Amino acid sequence: MSLTLYGHPFSSYTQKALIALYENHVPFEFRCIDAEHPHNAQEWLRRWPMAKFPLLVDGDRAIRETSIIIEYLQLTHPGPISLLPTNPMAALEVRFLDRFFDLHVMSPVQGAVSAALTGDAGQREYFHTRAQELLERAYTWLEAHLADKKWAAGTTFSLADCAAGPALFYADWTHPISLSLPHVRAYRARLLDRPSFARAVREARPYRPLFPLGAPDRD
């Protein structure tokens, strides 16, 4: 087995890569980065001193950044599910939506989580409030965007949905999606029903107490 993925099951960006691997049943070895596996962390940092995961290793080649990892998998380990359209304009839309979920949904969540982990009550309150404002803005845009779509870019599951799954999963824990946004709520539910993401959620379930804003008793 040549593919190795370094990451953590509770990490949103690790889950994003896992979804792509699970979608096409790509064989790989998972190496968890945690206190119980110090050698994995050492090898990960040797290959990527920026200390960001996931990291995909394919033989002698190291691939960093989740969106790049997913595109790399499509180029080198293709399967029945094409996560990026061959049409350049359609691919551009998928890449935009991938960026939307990473930058406008996941980033505010990460800001709130990071502030909560500092233990500073003032920072926690400020960044949580800021995240709620930004997420509400993102949810509102997404509600209109999804009005006539099953998946983020239309009828086909794509790279954008790999990003959307973990982003909306943790975003709804940070700032619950209102009942007034039925399209966003239904889309999140479809993502949770997708076998690839459902598997990632199941594998991360033991780590829920780590969520510093308090993981809700659902999902």
# chains A, B, ... in the order shown; residues from 1 in each chain; ligands from 1
call {"tool": "residues_around", "arguments": {"residues": "A:Gly154", "least_positions_apart": "5", "cutoff": "12 Å", "atoms": "only C-alpha atoms", "output": "compact mmCIF listing (two decimals) with N, CA and C atoms, in the first residue's frame"}}
result
# COMPACT_ATOMS: atom_id res chain seq x y z
N PRO A 85 -15.10 18.21 -12.05
CA PRO A 85 -15.55 18.07 -13.44
C PRO A 85 -14.41 18.25 -14.44
N ALA A 90 -17.10 24.32 -15.25
CA ALA A 90 -17.76 23.60 -14.15
C ALA A 90 -16.78 23.34 -13.02
N ALA A 91 -15.53 23.02 -13.36
CA ALA A 91 -14.50 22.80 -12.35
C ALA A 91 -14.23 24.07 -11.56
N GLU A 93 -16.37 26.41 -10.83
CA GLU A 93 -17.46 26.57 -9.87
C GLU A 93 -17.26 25.66 -8.66
N VAL A 94 -16.83 24.44 -8.90
CA VAL A 94 -16.58 23.51 -7.79
C VAL A 94 -15.44 24.04 -6.92
N LEU A 97 -16.70 26.89 -4.72
CA LEU A 97 -17.50 26.42 -3.59
C LEU A 97 -16.65 25.72 -2.54
N HIS A 145 -28.34 29.80 -2.67
CA HIS A 145 -27.55 29.01 -3.63
C HIS A 145 -28.09 27.60 -3.78
N LEU A 146 -28.53 27.00 -2.68
CA LEU A 146 -28.94 25.59 -2.69
C LEU A 146 -30.40 25.38 -3.07
N ALA A 147 -31.11 26.44 -3.37
CA ALA A 147 -32.56 26.34 -3.60
C ALA A 147 -32.93 25.31 -4.66
N ASP A 148 -32.10 25.15 -5.69
CA ASP A 148 -32.42 24.22 -6.78
C ASP A 148 -31.34 23.16 -6.96
N LYS A 149 -30.60 22.84 -5.87
CA LYS A 149 -29.48 21.91 -5.99
C LYS A 149 -29.57 20.80 -4.95
N ALA A 160 -16.42 20.09 -3.66
CA ALA A 160 -17.10 21.09 -2.83
C ALA A 160 -17.87 20.43 -1.69
N ASP A 161 -18.46 19.28 -1.94
CA ASP A 161 -19.21 18.59 -0.90
C ASP A 161 -18.28 17.93 0.12
N TYR A 187 -29.51 20.10 3.20
CA TYR A 187 -28.22 19.76 2.60
C TYR A 187 -27.28 19.14 3.63
call {"tool": "closest_atom_pairs", "arguments": {"of": "stretch 101-208 of chain A", "to": "stretch 14-37 of chain A", "cutoff": "9 Å", "atoms": "only C-alpha atoms", "output": "Markdown table"}}
result
| residue | atom | partner | partner_atom | distance |
| --- | --- | --- | --- | --- |
| A:Ser158 | CA | A:Ala20 | CA | 8.8 |
| A:Leu159 | CA | A:Ala20 | CA | 7.7 |
| A:Asp161 | CA | A:Lys16 | CA | 8.7 |
| A:Cys162 | CA | A:Lys16 | CA | 5.1 |
| A:Ala163 | CA | A:Lys16 | CA | 5.6 |
| A:Ala164 | CA | A:Lys16 | CA | 8.3 |
| A:Gly165 | CA | A:Lys16 | CA | 7.4 |
| A:Pro166 | CA | A:Gln15 | CA | 6.6 |
| A:Ala167 | CA | A:Lys16 | CA | 8.8 |
| A:Pro195 | CA | A:Glu23 | CA | 8.0 |
| A:Ser196 | CA | A:Ile19 | CA | 5.1 |
| A:Phe197 | CA | A:Ile19 | CA | 5.6 |
| A:Ala198 | CA | A:Ile19 | CA | 9.0 |
| A:Arg199 | CA | A:Tyr22 | CA | 8.3 |
| A:Ala200 | CA | A:Gln15 | CA | 5.9 |
| A:Val201 | CA | A:Gln15 | CA | 8.0 |
| A:Ala204 | CA | A:Gln15 | CA | 8.8 |
call {"tool": "select_by_dssp", "arguments": {"residues": "stretch 43-219 of chain A", "states": "strand (DSSP E)", "output": "ChimeraX atom specification"}}
result
/A:55-58,61-64
call {"tool": "write_last_selection", "arguments": {"atoms": "C-alpha atoms", "output": "short mmCIF file (atom, residue, chain, number, x, y, z; two decimals), in the first residue's frame"}}
result
data_model
loop_
_atom_site.label_atom_id
_atom_site.label_comp_id
_atom_site.auth_asym_id
_atom_site.auth_seq_id
_atom_site.Cartn_x
_atom_site.Cartn_y
_atom_site.Cartn_z
CA LEU A 55 -0.67 15.17 4.84
CA LEU A 56 -0.83 12.54 2.13
CA VAL A 57 2.27 10.52 1.29
CA ASP A 58 2.39 8.55 -1.94
CA ARG A 61 5.93 12.20 -2.76
CA ALA A 62 4.27 14.31 -0.04
CA ILE A 63 1.06 16.17 -0.91
CA ARG A 64 -0.03 19.04 1.34
#
call {"tool": "atom_distance", "arguments": {"atom1": "atom CA of A:Pro216", "atom2": "atom CA of A:Leu168"}}
result
14.0 Å
call {"tool": "atom_distance", "arguments": {"atom1": "atom CA of A:Arg137", "atom2": "atom CA of A:Phe100"}}
result
11.8 Å
call {"tool": "select_by_dssp", "arguments": {"residues": "stretch 130-181 of chain A", "states": "alpha helix (DSSP H)", "output": "PyMOL selection string"}}
result
chain A and resi 130-145+159-174
call {"tool": "write_last_selection", "arguments": {"atoms": "N, CA, C and O atoms", "output": "short mmCIF file (atom, residue, chain, number, x, y, z; two decimals), in the first residue's frame"}}
result
data_model
loop_
_atom_site.label_atom_id
_atom_site.label_comp_id
_atom_site.auth_asym_id
_atom_site.auth_seq_id
_atom_site.Cartn_x
_atom_site.Cartn_y
_atom_site.Cartn_z
N ARG A 130 -18.23 36.59 16.95
CA ARG A 130 -17.81 36.90 15.58
C ARG A 130 -18.11 35.74 14.65
O ARG A 130 -18.59 35.93 13.52
N ALA A 131 -17.86 34.53 15.09
CA ALA A 131 -18.13 33.35 14.27
C ALA A 131 -19.63 33.25 13.97
O ALA A 131 -20.02 32.93 12.84
N GLN A 132 -20.45 33.53 14.95
CA GLN A 132 -21.90 33.46 14.74
C GLN A 132 -22.34 34.46 13.68
O GLN A 132 -23.17 34.15 12.82
N GLU A 133 -21.75 35.67 13.71
CA GLU A 133 -22.10 36.68 12.71
C GLU A 133 -21.68 36.24 11.31
O GLU A 133 -22.45 36.35 10.34
N LEU A 134 -20.46 35.72 11.19
CA LEU A 134 -19.95 35.30 9.88
C LEU A 134 -20.69 34.08 9.36
O LEU A 134 -20.98 33.98 8.16
N LEU A 135 -21.00 33.16 10.24
CA LEU A 135 -21.71 31.95 9.81
C LEU A 135 -23.13 32.28 9.38
O LEU A 135 -23.63 31.72 8.40
N GLU A 136 -23.77 33.21 10.07
CA GLU A 136 -25.13 33.60 9.68
C GLU A 136 -25.11 34.18 8.27
O GLU A 136 -26.01 33.90 7.44
N ARG A 137 -24.08 34.96 7.96
CA ARG A 137 -23.95 35.54 6.63
C ARG A 137 -23.72 34.44 5.59
O ARG A 137 -24.33 34.45 4.50
N ALA A 138 -22.88 33.47 5.93
CA ALA A 138 -22.61 32.37 5.00
C ALA A 138 -23.85 31.49 4.81
O ALA A 138 -24.17 31.08 3.68
N TYR A 139 -24.56 31.20 5.89
CA TYR A 139 -25.78 30.39 5.79
C TYR A 139 -26.80 31.06 4.88
O TYR A 139 -27.47 30.39 4.07
N THR A 140 -26.94 32.37 5.01
CA THR A 140 -27.94 33.10 4.22
C THR A 140 -27.61 33.01 2.74
O THR A 140 -28.50 32.78 1.90
N TRP A 141 -26.35 33.20 2.40
CA TRP A 141 -25.95 33.06 0.99
C TRP A 141 -26.19 31.64 0.49
O TRP A 141 -26.71 31.41 -0.60
N LEU A 142 -25.82 30.67 1.31
CA LEU A 142 -25.93 29.27 0.92
C LEU A 142 -27.38 28.85 0.75
O LEU A 142 -27.70 28.03 -0.13
N GLU A 143 -28.27 29.39 1.56
CA GLU A 143 -29.69 29.05 1.45
C GLU A 143 -30.21 29.36 0.04
O GLU A 143 -30.90 28.52 -0.57
N ALA A 144 -29.89 30.53 -0.48
CA ALA A 144 -30.32 30.89 -1.83
C ALA A 144 -29.61 30.04 -2.88
O ALA A 144 -30.22 29.60 -3.86
N HIS A 145 -28.34 29.80 -2.67
CA HIS A 145 -27.55 29.01 -3.63
C HIS A 145 -28.09 27.60 -3.78
O HIS A 145 -28.10 27.03 -4.88
N LEU A 159 -15.78 17.73 -5.01
CA LEU A 159 -14.81 18.30 -4.08
C LEU A 159 -15.49 19.29 -3.13
O LEU A 159 -15.17 19.34 -1.93
N ALA A 160 -16.42 20.09 -3.66
CA ALA A 160 -17.10 21.09 -2.83
C ALA A 160 -17.87 20.43 -1.69
O ALA A 160 -17.92 20.96 -0.57
N ASP A 161 -18.46 19.28 -1.94
CA ASP A 161 -19.21 18.59 -0.90
C ASP A 161 -18.28 17.93 0.12
O ASP A 161 -18.64 17.82 1.30
N CYS A 162 -17.09 17.52 -0.33
CA CYS A 162 -16.09 17.03 0.62
C CYS A 162 -15.74 18.12 1.63
O CYS A 162 -15.54 17.85 2.82
N ALA A 163 -15.68 19.36 1.15
CA ALA A 163 -15.41 20.49 2.04
C ALA A 163 -16.62 20.82 2.90
O ALA A 163 -16.50 21.15 4.08
N ALA A 164 -17.80 20.73 2.30
CA ALA A 164 -19.02 21.15 2.99
C ALA A 164 -19.38 20.26 4.17
O ALA A 164 -19.87 20.75 5.20
N GLY A 165 -19.15 18.95 4.04
CA GLY A 165 -19.55 18.03 5.10
C GLY A 165 -19.01 18.41 6.46
O GLY A 165 -19.77 18.76 7.38
N PRO A 166 -17.68 18.38 6.65
CA PRO A 166 -17.14 18.74 7.96
C PRO A 166 -17.38 20.19 8.33
O PRO A 166 -17.60 20.50 9.51
N ALA A 167 -17.36 21.09 7.34
CA ALA A 167 -17.55 22.51 7.65
C ALA A 167 -18.92 22.76 8.25
O ALA A 167 -19.05 23.40 9.30
N LEU A 168 -19.97 22.26 7.60
CA LEU A 168 -21.32 22.48 8.11
C LEU A 168 -21.60 21.65 9.36
O LEU A 168 -22.39 22.06 10.22
N PHE A 169 -20.95 20.52 9.47
CA PHE A 169 -21.10 19.69 10.67
C PHE A 169 -20.69 20.47 11.91
O PHE A 169 -21.46 20.62 12.86
N TYR A 170 -19.48 21.02 11.89
CA TYR A 170 -18.98 21.76 13.06
C TYR A 170 -19.58 23.17 13.15
O TYR A 170 -19.73 23.71 14.24
N ALA A 171 -19.93 23.75 12.01
CA ALA A 171 -20.54 25.08 12.04
C ALA A 171 -21.87 25.04 12.77
O ALA A 171 -22.18 25.94 13.57
N ASP A 172 -22.67 24.01 12.53
CA ASP A 172 -23.96 23.91 13.19
C ASP A 172 -23.82 23.68 14.69
O ASP A 172 -24.70 24.04 15.47
N TRP A 173 -22.70 23.09 15.10
CA TRP A 173 -22.41 22.98 16.54
C TRP A 173 -22.04 24.34 17.12
O TRP A 173 -22.30 24.62 18.29
N THR A 174 -21.41 25.17 16.31
CA THR A 174 -20.92 26.48 16.76
C THR A 174 -22.03 27.53 16.75
O THR A 174 -22.15 28.34 17.65
#
call {"tool": "atom_distance", "arguments": {"atom1": "atom CA of A:Tyr207", "atom2": "atom CA of A:Ile177"}}
result
22.6 Å
